[in-house]
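What follows is one structure encoded as structure tokens, with my remarks underneath.
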Amino acid sequence: MSETIKTRVLVVGGGPGGYVTALRAAQLGLQVTLVEGDRLGGTCLIRGCIPSKALIHAAAKFSSVREAAKQGGSLGISLSVEPTLNLSETVRWKDGVVNRLNEGVAGLLRRAKVQVISGWASFNDARSCVVQTASGAVTITAEHVVLATGSEPVALPGLPFGGPIISSTEALSLQSLPRSLAVIGAGYIGLELGSAFRKLGVDVTVLEAQDRILPLYDSALVKPVARWLERAGVAVHLGATVMGFEAGSLFARSQDGKTLAVKAEQVLVTVGRRPRTQGWGLENMGVDMSGRFVYVDDQCRTSMRNVWAIGDLVGEPMLEHKAAAQGEMVAELIAGQRRRFNPVAIPAVCFTEPEIVSVGLSPGDAGAGDIEVINAQFPFAANGRALSMEASDTGGFVRVVARKHDRRLLGIQAVGAHVSELSGEFALALEMGATLEDIAGVIHAHPTLSEAFFETALAGLGHALHV
């Protein structure tokens, strides 16, 4: 049976951008319909950020217990036998975390009285679509349409997903560990998952076409990660061009033209993600494109009146927190408020071993122009909390970049254990226009990793206390 729905706001996609748009719009008294073809929560919650961090956490715990089982275990803790891992149980626990959050999103939308339609939308024009649901076709017309369709993993030509060739989605749902894993791509997804599988005891080899790992981060931030990979026995081949996979071997061409044959039971392809623009009628909507992304202005308006687009669909950075912030803004704009998307900086976090966080300009970025800058850093080797949690010998540090003439912060970076938890303080400092003196004047609790930020600000002013 067909059904017709008229709504004030139609949100397409129930990921973090879409469901936040719907929740905020409903809070503002707008009638909202949300269409989602998969589970609520999107890539980040269902098969990305949350499940990957759960697996990383489990891998770290397993690795710590394995270390305790070795002769002369650290901290006086030892075990008489090595631990075993039941990956299917680990995945079941991970799925429990995902399910709890998925149910939480569904509950929030119900309480906000957002109408949720389960199915895949297909647009006929800019503000009407047909959704094929389990009970029949639903036609939806809306005054405002918010596109939040997200992104999907990119496959390599000649190496399609299937069988032993997997994306991050399949990697997070394996029921047993492969003995060997080849990871194609040394960006943050590849190295996060590759490091986790190495901690679980898998032989991991990483192949990267560029001449360095984590190319979005500068060499100082990457060095501690490269050191961990080497110590952990992860083979890394840079400048490697993948040619194909056959009979349990991945073949690639090295920088010097030689052929590499990497034994691998499974191959994890992490060469990037692309906006999901196919299969739902974008071509019928008449919106302008900017390369592979939907073009939007600083209010996330597309070229079509009352059609908005947010998140991965509109460009880099493809991050959950950017999508959510854009979605909240769009809901408020539809409700008549005045907003623009103009953040000072968007934090980026890499959950490798150790973690990396970067907000704003790096020293190379800042020094590229005519601005004179102050660069200062403080090592976690001199931080009491880092020492007390065995996190002082990784080469980690906090670094600041400040404008020299007024000492205004332009960028903050850190590498080390659990530094992702400092990203909020870093972003807040930049958004509030903090100076080195501002940070140096804030009393930071002891013992915490955040003291390293305070000490870095002191270093920038020329009088660090603990180095």
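To be explicit about the labels: the chains of the structure tokens are called A, B, and onward in the order shown, and within each one the residues are counted from 1, while ligands get numbers from 1 in the order they are shown.
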Taking 5 positions as the minimum chain separation for residues in the same chain, which residues sit within 12 Å of His405 of chain A when counting only C-alpha atoms? Answer as a PyMOL selection string. chain A and resi 371-374+435-436
Could you save the residues just selected, with C-alpha atoms, as a compact mmCIF listing (two decimals), in the first residue's frame?
# COMPACT_ATOMS: atom_id res chain seq x y z
CA ILE A 371 53.58 35.14 10.01
CA GLU A 372 56.38 34.85 12.55
CA VAL A 373 55.54 32.05 14.93
CA ILE A 374 56.63 30.53 18.22
CA THR A 435 47.14 33.13 24.07
CA LEU A 436 50.12 31.41 25.62
Per residue of segment 286-386 of chain A within 9 Å of segment 406-420 of chain A, what are the shortest atom pair and its distance in Å to one decimal, counting only C-alpha atoms, with rows by chain and residue number, as a tab-separated table?
residue	atom	partner	partner_atom	distance
A:Ala345	CA	A:Gly411	CA	8.5
A:Ala348	CA	A:Ser420	CA	8.9
A:Val349	CA	A:Ser420	CA	6.1
A:Cys350	CA	A:Ser420	CA	7.9
A:Phe351	CA	A:Ser420	CA	7.6
A:Glu353	CA	A:Ala417	CA	7.5
A:Pro354	CA	A:Gly416	CA	4.9
A:Glu355	CA	A:Gly416	CA	5.3
A:Ile356	CA	A:Val415	CA	4.4
A:Val357	CA	A:Ala414	CA	5.3
A:Ser358	CA	A:Gln413	CA	4.4
A:Val359	CA	A:Ile412	CA	5.4
A:Gly360	CA	A:Gly411	CA	4.1
A:Leu361	CA	A:Gly411	CA	4.3
A:Ser362	CA	A:Gly411	CA	5.9
A:Pro363	CA	A:Gly411	CA	8.0
A:Ala366	CA	A:Leu410	CA	7.6
A:Val373	CA	A:Arg407	CA	8.2
A:Ile374	CA	A:Arg407	CA	7.6
A:Gln377	CA	A:Ala414	CA	9.0
A:Phe380	CA	A:Gly416	CA	7.5
A:Ala386	CA	A:Ala417	CA	7.9
Picked from segment 208-291 of chain A by DSSP as strand (DSSP E), as number ranges by chain: A: 208, 235-238, 241-246, 249-253, 259-263, 266-269, 273-275, 289-290
Contact table segment 130-177 of chain A vs segment 17-30 of chain A, cut-off 12 Å, shortest pair per residue, only C-alpha atoms, as CSV:
residue,atom,partner,partner_atom,distance
A:Ala142,CA,A:Leu30,CA,11.8
A:Glu143,CA,A:Leu30,CA,11.0
A:His144,CA,A:Leu30,CA,10.7
A:Val145,CA,A:Gly18,CA,10.9
A:Val146,CA,A:Gly18,CA,7.7
A:Leu147,CA,A:Gly18,CA,7.7
A:Ala148,CA,A:Gly18,CA,5.3
A:Thr149,CA,A:Gly18,CA,8.0
A:Gly150,CA,A:Gly17,CA,8.4
A:Ser151,CA,A:Gly17,CA,11.8
For segment 151-177 of chain A against segment 229-251 of chain A, with a cut-off of 9 Å and counting only C-alpha atoms, what is the closest atom pair and its distance in Å to one decimal for every residue that makes the cut, ordered by chain and number, as CSV?
residue,atom,partner,partner_atom,distance
A:Leu156,CA,A:Val242,CA,8.8
A:Gly158,CA,A:Gly244,CA,6.9
A:Leu159,CA,A:Gly244,CA,6.6
A:Pro164,CA,A:Gly248,CA,8.6
A:Ile165,CA,A:Phe245,CA,8.7
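The shortest atom-to-atom distance to Gln266 of chain A, with only C-alpha atoms taken into account, belongs to A:Glu170 out of A:Glu170, A:Asp95, A:Glu320, A:Asp211.
Of the residues under consideration (A:Val225, A:Leu282, A:Ile46, A:Ala331), A:Leu282 shows the shortest atom-to-atom contact distance to Ser122 of chain A when counting only C-alpha atoms.
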Figure out the distance between atom CA of Leu313 of chain A and atom CA of Val294 of chain A, please, to one decimal in Å.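 Atom-to-atom, atom CA of Val294 of chain A and atom CA of Leu313 of chain A are spaced 6.1 Å apart.
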Rounded to one decimal in Å, what is the spacing between atom CA of Gly42 of chain A and atom CA of Cys300 of chain A?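 Distance between the two atoms: 19.6 Å.
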Residue neighbourhood Leu172 of chain A, 8 Å, only C-alpha atoms, exclusion window fewer than 6 positions, as number ranges by chain: A: 47, 51-52, 55, 91
Quick one: write out the picked residues with C-alpha atoms as a compact mmCIF listing (two decimals), in the first residue's frame?
# COMPACT_ATOMS: atom_id res chain seq x y z
CA ARG A 47 30.78 0.19 11.43
CA PRO A 51 33.25 -0.38 16.86
CA SER A 52 36.85 0.31 15.83
CA LEU A 55 38.23 -3.35 19.10
CA VAL A 91 32.93 -9.07 18.50
